[in-house]
Amino acid sequence: MLHGGLPVTSAIEISAKVSGSRIFNQALLEVKDHITEGESISASLTRNKNFPSLFVRMVSIGEESGNLPNVLDELSKMYEEQVETEVSTSYR
């Protein structure tokens with residue numbers, strides 16, 4: 001979404017709606033509110049303990065380097081691979 005030029009707050013709001021989890025929906029909406037108030041994305045994510053520390057650290061690196069969309073793409077691929085591995089090994 002960010003590669004397409006969508007503002008971060010809009011991307012977070014959409015992600016919250018499609019998360020399928022009430023916990024992450026609420027957490028992401030809180031993150032969006034903090035960002036709207038001027039806080040960094042990583043600082044906003046840190047406030048909520050539902051986000052893995054690796055995810056928060058990588059978002060911080062993406063913010064600092066100005067490369068957030070690419071970092072988020074890589075995180076997405078990494079988590080997708082983890083899910084595929086977990087699913088495939090649990091059905092053997």
# chains A, B, ... in the order shown; residues from 1 in each chain; ligands from 1
>>> residues_around(residues="region 76-85 of chain A", least_positions_apart="3", cutoff="12 Å", atoms="only C-alpha atoms", output="list in words")
Pro52, Leu54, Phe55, Met58, Val59, Pro69, Asn70, Val71, Leu72, Asp73, Ser88, Thr89, Ser90, Tyr91 and Arg92 of chain A
>>> residues_around(residues="Thr9 (chain A)", least_positions_apart="4", cutoff="8 Å", atoms="only C-alpha atoms", output="list of chain:residue names")
A:Glu13, A:Lys32, A:Ile35, A:Thr36
>>> closest_residue(among="A:Ala27, A:Thr46, A:Leu68, A:Gly20", to="Val8 (chain A)", atoms="only C-alpha atoms")
A:Leu68
>>> residues_around(residues="Arg57 (chain A)", least_positions_apart="6", cutoff="10 Å", atoms="only C-alpha atoms", output="compact mmCIF listing (two decimals) with C-alpha atoms, in the first residue's frame")
# COMPACT_ATOMS: atom_id res chain seq x y z
CA SER A 42 8.02 2.32 15.84
CA ALA A 43 7.42 4.27 19.06
CA LEU A 45 4.16 0.03 18.02
CA THR A 46 6.35 -0.20 21.13
CA GLU A 63 11.83 4.65 9.32
>>> select_by_dssp(residues="chain A", states="helix (DSSP H, G or I)", output="MDAnalysis selection string")
chainID A and resid 8:18 22:36 41:46 53:65 68:90
>>> residues_around(residues="Ile23 (chain A)", least_positions_apart="5", cutoff="10 Å", atoms="only C-alpha atoms", output="PDB file with C-alpha atoms, in the first residue's frame")
ATOM      1  CA  ALA A  16      -6.691  -2.985  11.096  1.00  0.00           C
ATOM      2  CA  LEU A  28      -3.420  -0.839  15.007  1.00  0.00           C
ATOM      3  CA  ASN A  50       1.161  -7.434  20.874  1.00  0.00           C
TER       4      ASN A  50
END
>>> atom_distance(atom1="CA of Ser15 (chain A)", atom2="CA of Ile61 (chain A)")
20.5 Å
>>> atom_distance(atom1="CA of Asn67 (chain A)", atom2="CA of Leu2 (chain A)")
10.5 Å
>>> atom_distance(atom1="CA of Glu30 (chain A)", atom2="CA of Leu6 (chain A)")
18.7 Å
>>> decode(residues="region 8-32 of chain A", atoms="C-alpha atoms", output="tab-separated table (two decimals), in the first residue's frame")
chain	number	residue	atom	x	y	z
A	8	VAL	CA	0.80	5.41	6.43
A	9	THR	CA	-2.23	6.18	8.60
A	10	SER	CA	-4.61	5.03	5.86
A	11	ALA	CA	-2.60	1.84	5.31
A	12	ILE	CA	-2.70	1.10	9.03
A	13	GLU	CA	-6.44	1.71	9.19
A	14	ILE	CA	-7.03	-0.67	6.27
A	15	SER	CA	-4.74	-3.26	7.86
A	16	ALA	CA	-6.69	-2.99	11.10
A	17	LYS	CA	-9.97	-3.63	9.29
A	18	VAL	CA	-8.70	-6.72	7.47
A	19	SER	CA	-6.62	-8.17	10.32
A	20	GLY	CA	-9.34	-10.57	11.38
A	21	SER	CA	-8.40	-10.01	15.00
A	22	ARG	CA	-10.13	-7.69	17.43
A	23	ILE	CA	-6.91	-7.39	19.41
A	24	PHE	CA	-4.81	-6.32	16.42
A	25	ASN	CA	-7.61	-4.17	15.05
A	26	GLN	CA	-7.65	-2.17	18.27
A	27	ALA	CA	-3.85	-2.14	18.56
A	28	LEU	CA	-3.42	-0.84	15.01
A	29	LEU	CA	-6.05	1.85	15.48
A	30	GLU	CA	-4.20	3.00	18.60
A	31	VAL	CA	-0.94	3.06	16.62
A	32	LYS	CA	-2.66	5.16	13.94
